[in-house]
>>> print(open('target05.txt').read())   # compact mmCIF, C-alpha atoms (C1' of nucleotides)
# COMPACT_ATOMS: atom_id res chain seq x y z
CA MET A 1 -1.13 7.09 -1.51
CA THR A 2 -1.51 5.31 -2.67
CA LYS A 3 -2.93 5.87 -6.10
CA LEU A 4 -4.76 8.83 -7.44
CA ARG A 5 -2.28 8.98 -10.25
CA ALA A 6 -3.00 10.44 -13.61
CA ALA A 7 -5.21 7.57 -14.66
CA THR A 8 -8.37 8.52 -12.88
CA LYS A 9 -8.24 12.23 -12.50
CA SER A 10 -10.73 12.79 -15.29
CA ALA A 11 -13.78 12.13 -13.21
CA VAL A 12 -12.49 14.21 -10.36
CA ASP A 13 -11.73 17.12 -12.61
CA ASN A 14 -15.35 17.57 -13.49
CA GLU A 15 -16.43 18.11 -9.96
CA ASN A 16 -16.42 21.28 -7.95
CA HIS A 17 -18.20 21.16 -4.66
CA ASP A 18 -15.10 22.62 -3.10
CA PRO A 19 -12.44 21.93 -5.64
CA ALA A 20 -9.79 24.12 -4.15
CA ASP A 21 -9.55 22.07 -1.01
CA CYS A 22 -9.97 18.48 -1.98
CA ARG A 23 -8.17 18.60 -5.29
CA ALA A 24 -5.24 20.48 -3.84
CA VAL A 25 -4.84 17.95 -1.08
CA GLY A 26 -5.20 15.23 -3.61
CA GLN A 27 -2.33 16.67 -5.58
CA VAL A 28 -0.06 16.79 -2.56
CA LEU A 29 -0.93 13.29 -1.54
CA ASP A 30 -0.06 12.09 -4.99
CA ARG A 31 3.33 13.60 -4.42
CA ILE A 32 4.13 12.76 -0.82
CA GLY A 33 1.79 9.85 -0.30
CA ASP A 34 4.24 7.28 -1.54
CA LYS A 35 6.41 5.12 0.59
CA TRP A 36 9.59 7.15 1.04
CA THR A 37 9.10 10.78 0.08
CA VAL A 38 8.21 12.03 3.53
CA MET A 39 11.08 10.19 5.14
CA VAL A 40 13.50 11.64 2.64
CA ILE A 41 12.22 15.13 3.26
CA ASP A 42 12.45 14.65 6.98
CA THR A 43 15.99 13.33 6.65
CA LEU A 44 17.11 16.14 4.40
CA SER A 45 15.52 18.69 6.70
CA LYS A 46 18.64 18.32 8.82
CA GLY A 47 20.84 19.64 6.08
CA PRO A 48 22.42 18.68 2.75
CA MET A 49 23.40 15.07 2.55
CA ARG A 50 25.00 12.51 0.30
CA PHE A 51 23.06 9.71 -1.31
CA ASN A 52 24.43 6.99 0.88
CA ALA A 53 23.98 9.04 4.02
CA VAL A 54 20.28 9.42 3.30
CA MET A 55 20.03 5.76 2.49
CA HIS A 56 21.73 4.73 5.70
CA ILE A 57 19.74 7.08 7.91
CA ILE A 58 16.40 6.02 6.54
CA GLY A 59 17.31 2.39 6.62
CA GLY A 60 15.29 -0.17 4.73
CA VAL A 61 14.97 1.78 1.53
CA SER A 62 16.31 0.07 -1.55
CA HIS A 63 18.94 1.74 -3.66
CA ARG A 64 16.56 1.98 -6.56
CA MET A 65 13.61 3.43 -4.68
CA LEU A 66 15.74 6.11 -3.10
CA THR A 67 16.95 7.14 -6.54
CA VAL A 68 13.43 7.24 -7.89
CA THR A 69 12.12 9.17 -4.90
CA LEU A 70 14.90 11.72 -5.08
CA ARG A 71 14.40 12.20 -8.82
CA GLY A 72 10.74 12.86 -8.22
CA LEU A 73 11.48 15.43 -5.58
CA GLU A 74 14.09 17.04 -7.79
CA ARG A 75 11.63 17.18 -10.66
CA ASP A 76 9.14 19.04 -8.54
CA GLY A 77 11.72 21.49 -7.32
CA LEU A 78 11.67 20.27 -3.75
CA VAL A 79 15.30 19.19 -3.63
CA THR A 80 18.44 20.10 -5.53
CA ARG A 81 20.92 17.54 -6.74
CA THR A 82 24.58 18.49 -6.92
CA ALA A 83 26.95 16.02 -8.53
CA TYR A 84 30.70 16.38 -8.07
CA PRO A 85 32.31 14.55 -10.98
CA THR A 86 35.10 13.13 -8.86
CA ILE A 87 36.26 9.57 -8.57
CA PRO A 88 34.42 8.12 -6.83
CA PRO A 89 31.36 10.23 -7.59
CA LYS A 90 29.85 12.33 -4.85
CA VAL A 91 26.31 13.61 -5.01
CA GLU A 92 24.69 15.88 -2.52
CA TYR A 93 20.99 16.43 -2.05
CA GLU A 94 19.48 19.42 -0.34
CA LEU A 95 16.00 20.73 0.27
CA THR A 96 15.10 23.83 -1.68
CA GLU A 97 13.21 26.71 -0.14
CA LEU A 98 10.06 25.14 -1.53
CA GLY A 99 10.97 21.83 0.00
CA ARG A 100 11.66 23.37 3.38
CA SER A 101 8.32 25.16 3.27
CA LEU A 102 6.66 21.77 3.17
CA ILE A 103 8.12 20.81 6.52
CA ARG A 104 5.71 22.97 8.46
CA PRO A 105 2.44 21.42 7.21
CA LEU A 106 4.11 18.04 7.54
CA LYS A 107 4.83 18.81 11.16
CA ALA A 108 1.17 19.61 11.64
CA LEU A 109 0.28 16.18 10.39
CA SER A 110 2.92 14.51 12.48
CA THR A 111 1.72 16.32 15.58
CA TRP A 112 -1.82 15.21 14.91
CA ALA A 113 -0.65 11.67 14.39
CA LEU A 114 1.29 11.56 17.61
CA SER A 115 -1.58 12.89 19.68
CA ASN A 116 -4.25 10.74 18.12
CA ARG A 117 -2.62 7.45 17.33
CA PRO A 118 -3.66 5.99 20.67
CA ALA A 119 -7.27 6.93 19.99
CA ILE A 120 -7.12 5.43 16.53
CA GLU A 121 -5.49 2.29 17.80
CA ALA A 122 -8.18 1.95 20.45
CA ALA A 123 -10.99 2.52 17.99
CA ARG A 124 -9.46 -0.06 15.71
CA VAL A 125 -9.24 -2.69 18.40
CA ARG A 126 -12.78 -1.98 19.52
CA PHE A 127 -14.08 -2.19 15.97
CA ASP A 128 -12.30 -5.46 15.26
CA LYS A 129 -13.68 -6.96 18.44
CA GLU A 130 -17.22 -6.14 17.33
CA GLU A 131 -16.47 -7.77 14.03
CA GLY A 132 -15.36 -10.89 15.84
CA LYS A 133 -18.59 -11.10 17.78
CA LYS A 134 -20.66 -10.88 14.65
CA ARG A 135 -18.90 -13.78 13.05
CA THR A 136 -19.45 -16.04 16.05
CA MET B 1 0.07 6.56 -0.72
CA THR B 2 -0.13 5.05 -1.81
CA LYS B 3 1.64 2.06 -0.46
CA LEU B 4 3.64 1.94 2.70
CA ARG B 5 1.34 -0.71 4.05
CA ALA B 6 2.13 -3.20 6.69
CA ALA B 7 4.32 -5.27 4.44
CA THR B 8 7.53 -3.35 4.78
CA LYS B 9 7.32 -1.69 8.12
CA SER B 10 9.83 -4.07 9.64
CA ALA B 11 12.88 -2.28 8.33
CA VAL B 12 11.52 1.08 9.26
CA ASP B 13 10.73 0.00 12.75
CA ASN B 14 14.36 -0.58 13.53
CA GLU B 15 15.35 2.92 12.77
CA ASN B 16 15.28 5.93 15.04
CA HIS B 17 17.03 9.01 13.77
CA ASP B 18 13.90 10.95 14.61
CA PRO B 19 11.27 8.31 14.87
CA ALA B 20 8.55 10.44 16.35
CA ASP B 21 8.34 12.60 13.28
CA CYS B 22 8.82 10.39 10.31
CA ARG B 23 7.05 7.33 11.63
CA ALA B 24 4.09 9.31 12.82
CA VAL B 25 3.70 10.94 9.45
CA GLY B 26 4.14 7.56 7.87
CA GLN B 27 1.27 6.23 9.89
CA VAL B 28 -1.05 9.03 8.87
CA LEU B 29 -0.13 8.67 5.26
CA ASP B 30 -0.91 5.00 5.44
CA ARG B 31 -4.34 6.01 6.57
CA ILE B 32 -5.20 9.04 4.46
CA GLY B 33 -2.78 8.55 1.60
CA ASP B 34 -5.12 6.37 -0.38
CA LYS B 35 -7.24 7.52 -3.23
CA TRP B 36 -10.46 8.68 -1.59
CA THR B 37 -10.09 9.09 2.15
CA VAL B 38 -9.25 12.77 2.10
CA MET B 39 -12.06 13.55 -0.28
CA VAL B 40 -14.52 11.73 1.91
CA ILE B 41 -13.35 13.60 4.98
CA ASP B 42 -13.58 16.89 3.16
CA THR B 43 -17.07 16.05 1.98
CA LEU B 44 -18.26 14.95 5.40
CA SER B 45 -16.75 18.04 6.97
CA LYS B 46 -19.87 19.84 5.78
CA GLY B 47 -22.09 17.72 7.94
CA PRO B 48 -23.62 14.24 8.22
CA MET B 49 -24.51 12.74 4.91
CA ARG B 50 -26.01 9.69 3.31
CA PHE B 51 -24.00 7.23 1.31
CA ASN B 52 -25.31 8.25 -2.06
CA ALA B 53 -24.93 11.91 -1.27
CA VAL B 54 -21.24 11.45 -0.55
CA MET B 55 -20.88 9.37 -3.68
CA HIS B 56 -22.56 11.95 -5.83
CA ILE B 57 -20.66 14.88 -4.41
CA ILE B 58 -17.28 13.28 -4.80
CA GLY B 59 -18.06 12.01 -8.25
CA GLY B 60 -15.93 9.39 -9.89
CA VAL B 61 -15.67 7.11 -6.91
CA SER B 62 -16.91 3.60 -7.42
CA HIS B 63 -19.57 2.20 -5.18
CA ARG B 64 -17.19 -0.38 -3.82
CA MET B 65 -14.32 1.96 -3.04
CA LEU B 66 -16.55 4.36 -1.19
CA THR B 67 -17.79 1.51 0.97
CA VAL B 68 -14.27 0.33 1.65
CA THR B 69 -13.04 3.83 2.41
CA LEU B 70 -15.90 4.54 4.78
CA ARG B 71 -15.42 1.25 6.58
CA GLY B 72 -11.77 2.07 7.08
CA LEU B 73 -12.60 5.46 8.49
CA GLU B 74 -15.22 3.95 10.73
CA ARG B 75 -12.77 1.37 11.97
CA ASP B 76 -10.33 4.06 12.99
CA GLY B 77 -12.98 6.06 14.76
CA LEU B 78 -12.92 8.94 12.32
CA VAL B 79 -16.52 8.61 11.20
CA THR B 80 -19.66 7.13 12.66
CA ARG B 81 -22.06 5.03 10.67
CA THR B 82 -25.74 5.15 11.53
CA ALA B 83 -28.03 2.73 9.75
CA TYR B 84 -31.77 3.22 9.82
CA PRO B 85 -33.30 -0.18 9.19
CA THR B 86 -36.05 1.21 7.01
CA ILE B 87 -37.09 0.08 3.58
CA PRO B 88 -35.23 1.17 1.64
CA PRO B 89 -32.24 1.36 3.97
CA LYS B 90 -30.82 4.70 4.90
CA VAL B 91 -27.32 5.12 6.24
CA GLU B 92 -25.78 8.30 7.47
CA TYR B 93 -22.12 9.00 7.92
CA GLU B 94 -20.70 11.69 10.12
CA LEU B 95 -17.27 12.79 11.20
CA THR B 96 -16.44 12.11 14.81
CA GLU B 97 -14.63 14.62 16.97
CA LEU B 98 -11.44 12.80 16.09
CA GLY B 99 -12.27 13.01 12.43
CA ARG B 100 -13.00 16.70 12.62
CA SER B 101 -9.71 17.31 14.40
CA LEU B 102 -7.98 16.01 11.30
CA ILE B 103 -9.44 18.74 9.18
CA ARG B 104 -7.10 21.37 10.55
CA PRO B 105 -3.79 19.72 9.60
CA LEU B 106 -5.37 18.78 6.31
CA LYS B 107 -6.16 22.41 5.71
CA ALA B 108 -2.52 23.22 6.32
CA LEU B 109 -1.56 20.82 3.58
CA SER B 110 -4.21 22.12 1.24
CA THR B 111 -3.09 25.67 1.82
CA TRP B 112 0.48 24.73 1.07
CA ALA B 113 -0.64 22.92 -2.05
CA LEU B 114 -2.63 25.85 -3.35
CA SER B 115 0.18 28.33 -2.84
CA ASN B 116 2.88 26.15 -4.27
CA ARG B 117 1.33 24.16 -7.04
CA PRO B 118 2.30 26.75 -9.63
CA ALA B 119 5.90 26.54 -8.47
CA ILE B 120 5.84 22.76 -8.59
CA GLU B 121 4.23 22.77 -12.00
CA ALA B 122 6.86 25.16 -13.28
CA ALA B 123 9.72 23.14 -11.82
CA ARG B 124 8.27 20.03 -13.38
CA VAL B 125 8.02 21.56 -16.83
CA ARG B 126 11.55 22.93 -16.56
CA PHE B 127 12.91 19.60 -15.44
CA ASP B 128 11.19 17.70 -18.24
CA LYS B 129 12.54 20.12 -20.80
CA GLU B 130 16.08 19.48 -19.60
CA GLU B 131 15.42 15.79 -19.88
CA GLY B 132 14.32 16.27 -23.46
CA LYS B 133 17.52 18.07 -24.35
CA LYS B 134 19.66 15.31 -22.92
CA ARG B 135 18.00 12.69 -25.05
CA THR B 136 18.62 14.62 -28.28
C1' DC C 1 -30.58 2.19 -0.92
C1' DC C 2 -26.67 0.08 0.79
C1' DG C 3 -23.08 -3.82 1.63
C1' DC C 4 -20.25 -7.52 0.08
C1' DA C 5 -17.88 -11.06 -3.04
C1' DT C 6 -15.49 -11.99 -7.11
C1' DC C 7 -12.64 -11.18 -10.94
C1' DC C 8 -9.02 -8.64 -13.08
C1' DG C 9 -5.78 -4.95 -14.76
C1' DC C 10 -2.25 -2.07 -13.39
C1' DC C 11 1.38 0.23 -10.94
C1' DA C 12 4.42 0.93 -6.76
C1' DC C 13 7.88 -1.41 -4.78
C1' DG C 14 11.87 -4.65 -4.17
C1' DA C 15 15.97 -7.68 -5.71
C1' DT C 16 19.53 -8.09 -8.69
C1' DA C 17 23.02 -7.06 -11.90
C1' DC C 18 25.68 -3.95 -14.75
C1' DT C 19 27.89 0.76 -16.03
C1' DG C 20 30.95 4.77 -15.18
C1' DC D 1 29.81 5.84 -4.86
C1' DA D 2 25.84 6.72 -7.67
C1' DG D 3 22.50 5.66 -11.49
C1' DT D 4 19.97 2.66 -14.76
C1' DA D 5 17.67 -1.57 -16.64
C1' DT D 6 15.12 -5.58 -16.07
C1' DC D 7 12.15 -8.65 -13.97
C1' DG D 8 8.87 -10.41 -10.44
C1' DT D 9 5.24 -9.62 -7.06
C1' DG D 10 1.62 -7.86 -3.94
C1' DG D 11 -2.21 -5.36 -3.38
C1' DC D 12 -4.99 -1.18 -4.69
C1' DG D 13 -8.72 0.17 -7.17
C1' DG D 14 -12.53 -0.49 -10.94
C1' DA D 15 -16.49 -3.30 -12.82
C1' DT D 16 -20.10 -6.19 -12.07
C1' DG D 17 -23.60 -9.00 -9.86
C1' DC D 18 -26.08 -10.77 -5.76
C1' DG D 19 -28.19 -10.20 -1.14
C1' DG D 20 -30.84 -7.74 2.34
>>> encode(input="target05.txt", output="structure tokens")
Amino acid sequence: MTKLRAATKSAVDNENHDPADCRAVGQVLDRIGDKWTVMVIDTLSKGPMRFNAVMHIIGGVSHRMLTVTLRGLERDGLVTRTAYPTIPPKVEYELTELGRSLIRPLKALSTWALSNRPAIEAARVRFDKEEGKKRT
Amino acid sequence: MTKLRAATKSAVDNENHDPADCRAVGQVLDRIGDKWTVMVIDTLSKGPMRFNAVMHIIGGVSHRMLTVTLRGLERDGLVTRTAYPTIPPKVEYELTELGRSLIRPLKALSTWALSNRPAIEAARVRFDKEEGKKRT
DNA sequence: CCGCATCCGCCACGATACTG
DNA sequence: CAGTATCGTGGCGGATGCGG
């Protein structure tokens, strides 16, 4: 998602060929286009879960990035954070209704990806081969 | 998106709680999660178009980034590039069948975004207000 | 008109260490 | 067990200039 971010939105704001569509998608991508958000949502879609559980299931996410990602999702009302002030602490995360509603469009994307990855892969290989020929 | 990128996929590859879903989505986000890809697709969804036309319609995209984005899409077989070797040059871009098939799931996302942005915005404001209180 | 190379600023991400 | 702070790095994205 890399990076629409707040920095450059000015130019985009002034444009309206079909603002509803492209800007809306842009917004979502800003949100879920980062490295871990989608994985967290997918993981939490199976039910409420503790911090470490999420971390272990995803695997490969750093402690810090998981915290940051979860805070972001909490901020946008996509997950709830419930802290039990016990010793040791126990924190549970759960998708909100809003968060769960995102699963469906995400599934659509995932379905598309699964069906078309071979085609993309093929196109990519073909393209790179052409590139190779040009250089020789 | 902005940045899953190839760099870190190693850790993710070893994990399979529901690999089909999350990895597939991850792949797509790697592709379309950057700053301009979705906008380009949306723009081209209206029909074949010349480079400058796309640039003008999107507005705010640098010459270089549009080139890069289009090359990426071409590489993955999502758009075709047709150059007419006239003077001055004229290049037309058009979505392939594969590219057009991506519009549907994108629409799903855009629909979700449009319906829920108010909710997200509200949650965000609420969350930030709480943050403010804590700091005081 | 379009593509490509170079230079550079900036931010997402990761590793580590410390607190409660 | 969970969160925060700090620091370092890679690579995206913008500006500009040349080539065809």
>>> residues_near_point(input="target05.txt", point="(15.6, 15.5, 6.8)", cutoff="12 Å", atoms="all atoms listed in the file", output="VMD selection string")
(chain A and resid 36 to 50 53 to 55 57 to 58 79 93 to 96 99 to 100 102 to 103 106) or (chain B and resid 17 to 19 21 to 22)
>>> write_last_selection(input="target05.txt", atoms="C-alpha atoms", output="short mmCIF file (atom, residue, chain, number, x, y, z; two decimals), in the frame of the given file")
data_model
loop_
_atom_site.label_atom_id
_atom_site.label_comp_id
_atom_site.auth_asym_id
_atom_site.auth_seq_id
_atom_site.Cartn_x
_atom_site.Cartn_y
_atom_site.Cartn_z
CA TRP A 36 9.59 7.15 1.04
CA THR A 37 9.10 10.78 0.08
CA VAL A 38 8.21 12.03 3.53
CA MET A 39 11.08 10.19 5.14
CA VAL A 40 13.50 11.64 2.64
CA ILE A 41 12.22 15.13 3.26
CA ASP A 42 12.45 14.65 6.98
CA THR A 43 15.99 13.33 6.65
CA LEU A 44 17.11 16.14 4.40
CA SER A 45 15.52 18.69 6.70
CA LYS A 46 18.64 18.32 8.82
CA GLY A 47 20.84 19.64 6.08
CA PRO A 48 22.42 18.68 2.75
CA MET A 49 23.40 15.07 2.55
CA ARG A 50 25.00 12.51 0.30
CA ALA A 53 23.98 9.04 4.02
CA VAL A 54 20.28 9.42 3.30
CA MET A 55 20.03 5.76 2.49
CA ILE A 57 19.74 7.08 7.91
CA ILE A 58 16.40 6.02 6.54
CA VAL A 79 15.30 19.19 -3.63
CA TYR A 93 20.99 16.43 -2.05
CA GLU A 94 19.48 19.42 -0.34
CA LEU A 95 16.00 20.73 0.27
CA THR A 96 15.10 23.83 -1.68
CA GLY A 99 10.97 21.83 0.00
CA ARG A 100 11.66 23.37 3.38
CA LEU A 102 6.66 21.77 3.17
CA ILE A 103 8.12 20.81 6.52
CA LEU A 106 4.11 18.04 7.54
CA HIS B 17 17.03 9.01 13.77
CA ASP B 18 13.90 10.95 14.61
CA PRO B 19 11.27 8.31 14.87
CA ASP B 21 8.34 12.60 13.28
CA CYS B 22 8.82 10.39 10.31
#
>>> interface_residues(input="target05.txt", of="chain B", to="chain C", cutoff="9 Å", atoms="only C-alpha atoms (C1' of nucleotides)", output="NGL selection string")
:B and (2-3 or 51-52 or 64 or 67 or 87-91)
>>> atom_distance(input="target05.txt", atom1="atom CA of Val28 of chain B", atom2="atom CA of Trp112 of chain A")
8.7 Å
>>> closest_residue(input="target05.txt", among="D:DG8, D:DG13, D:DG3, D:DG19", to="chain B", atoms="all atoms listed in the file")
D:DG13
>>> interface_residues(input="target05.txt", of="chain D", to="chain B", cutoff="10 Å", atoms="all atoms listed in the file", output="PyMOL selection string")
chain D and resi 10-15+20
>>> closest_residue(input="target05.txt", among="B:Val68, B:Val125, B:Val25, B:Leu78", to="chain A", atoms="all atoms listed in the file")
B:Val25
>>> residues_around(input="target05.txt", residues="Arg75 of chain B", least_positions_apart="4", cutoff="8 Å", atoms="only C-alpha atoms (C1' of nucleotides)", output="NGL selection string")
(:A and (123-124 or 127-128)) or (:B and (71))
>>> write_last_selection(input="target05.txt", atoms="C-alpha atoms", output="JSON list (two decimals), in the frame of the given file")
[["chain", "number", "residue", "atom", "x", "y", "z"],
["A", 123, "ALA", "CA", -10.99, 2.52, 17.99],
["A", 124, "ARG", "CA", -9.46, -0.06, 15.71],
["A", 127, "PHE", "CA", -14.08, -2.19, 15.97],
["A", 128, "ASP", "CA", -12.30, -5.46, 15.26],
["B", 71, "ARG", "CA", -15.42, 1.25, 6.58]]
>>> atom_distance(input="target05.txt", atom1="atom CA of Ala24 of chain A", atom2="atom CA of Gly33 of chain B")
13.3 Å
>>> atom_distance(input="target05.txt", atom1="atom CA of Arg104 of chain B", atom2="atom CA of Leu114 of chain A")
14.7 Å
>>> closest_residue(input="target05.txt", among="A:Leu73, A:Ala83, A:Leu66, A:Ala113", to="chain B", atoms="only C-alpha atoms")
A:Ala113
>>> closest_residue(input="target05.txt", among="A:Gly60, A:Thr82, A:Glu92, A:Glu74", to="chain B", atoms="all atoms listed in the file")
A:Gly60
>>> axis_aligned_box(input="target05.txt", around="segment 3-19 of chain D", padding_each_side="5 Å", output="JSON")
{"center_x": -2.8, "center_y": -2.6, "center_z": -8.9, "size_x": 60.7, "size_y": 26.4, "size_z": 25.5}
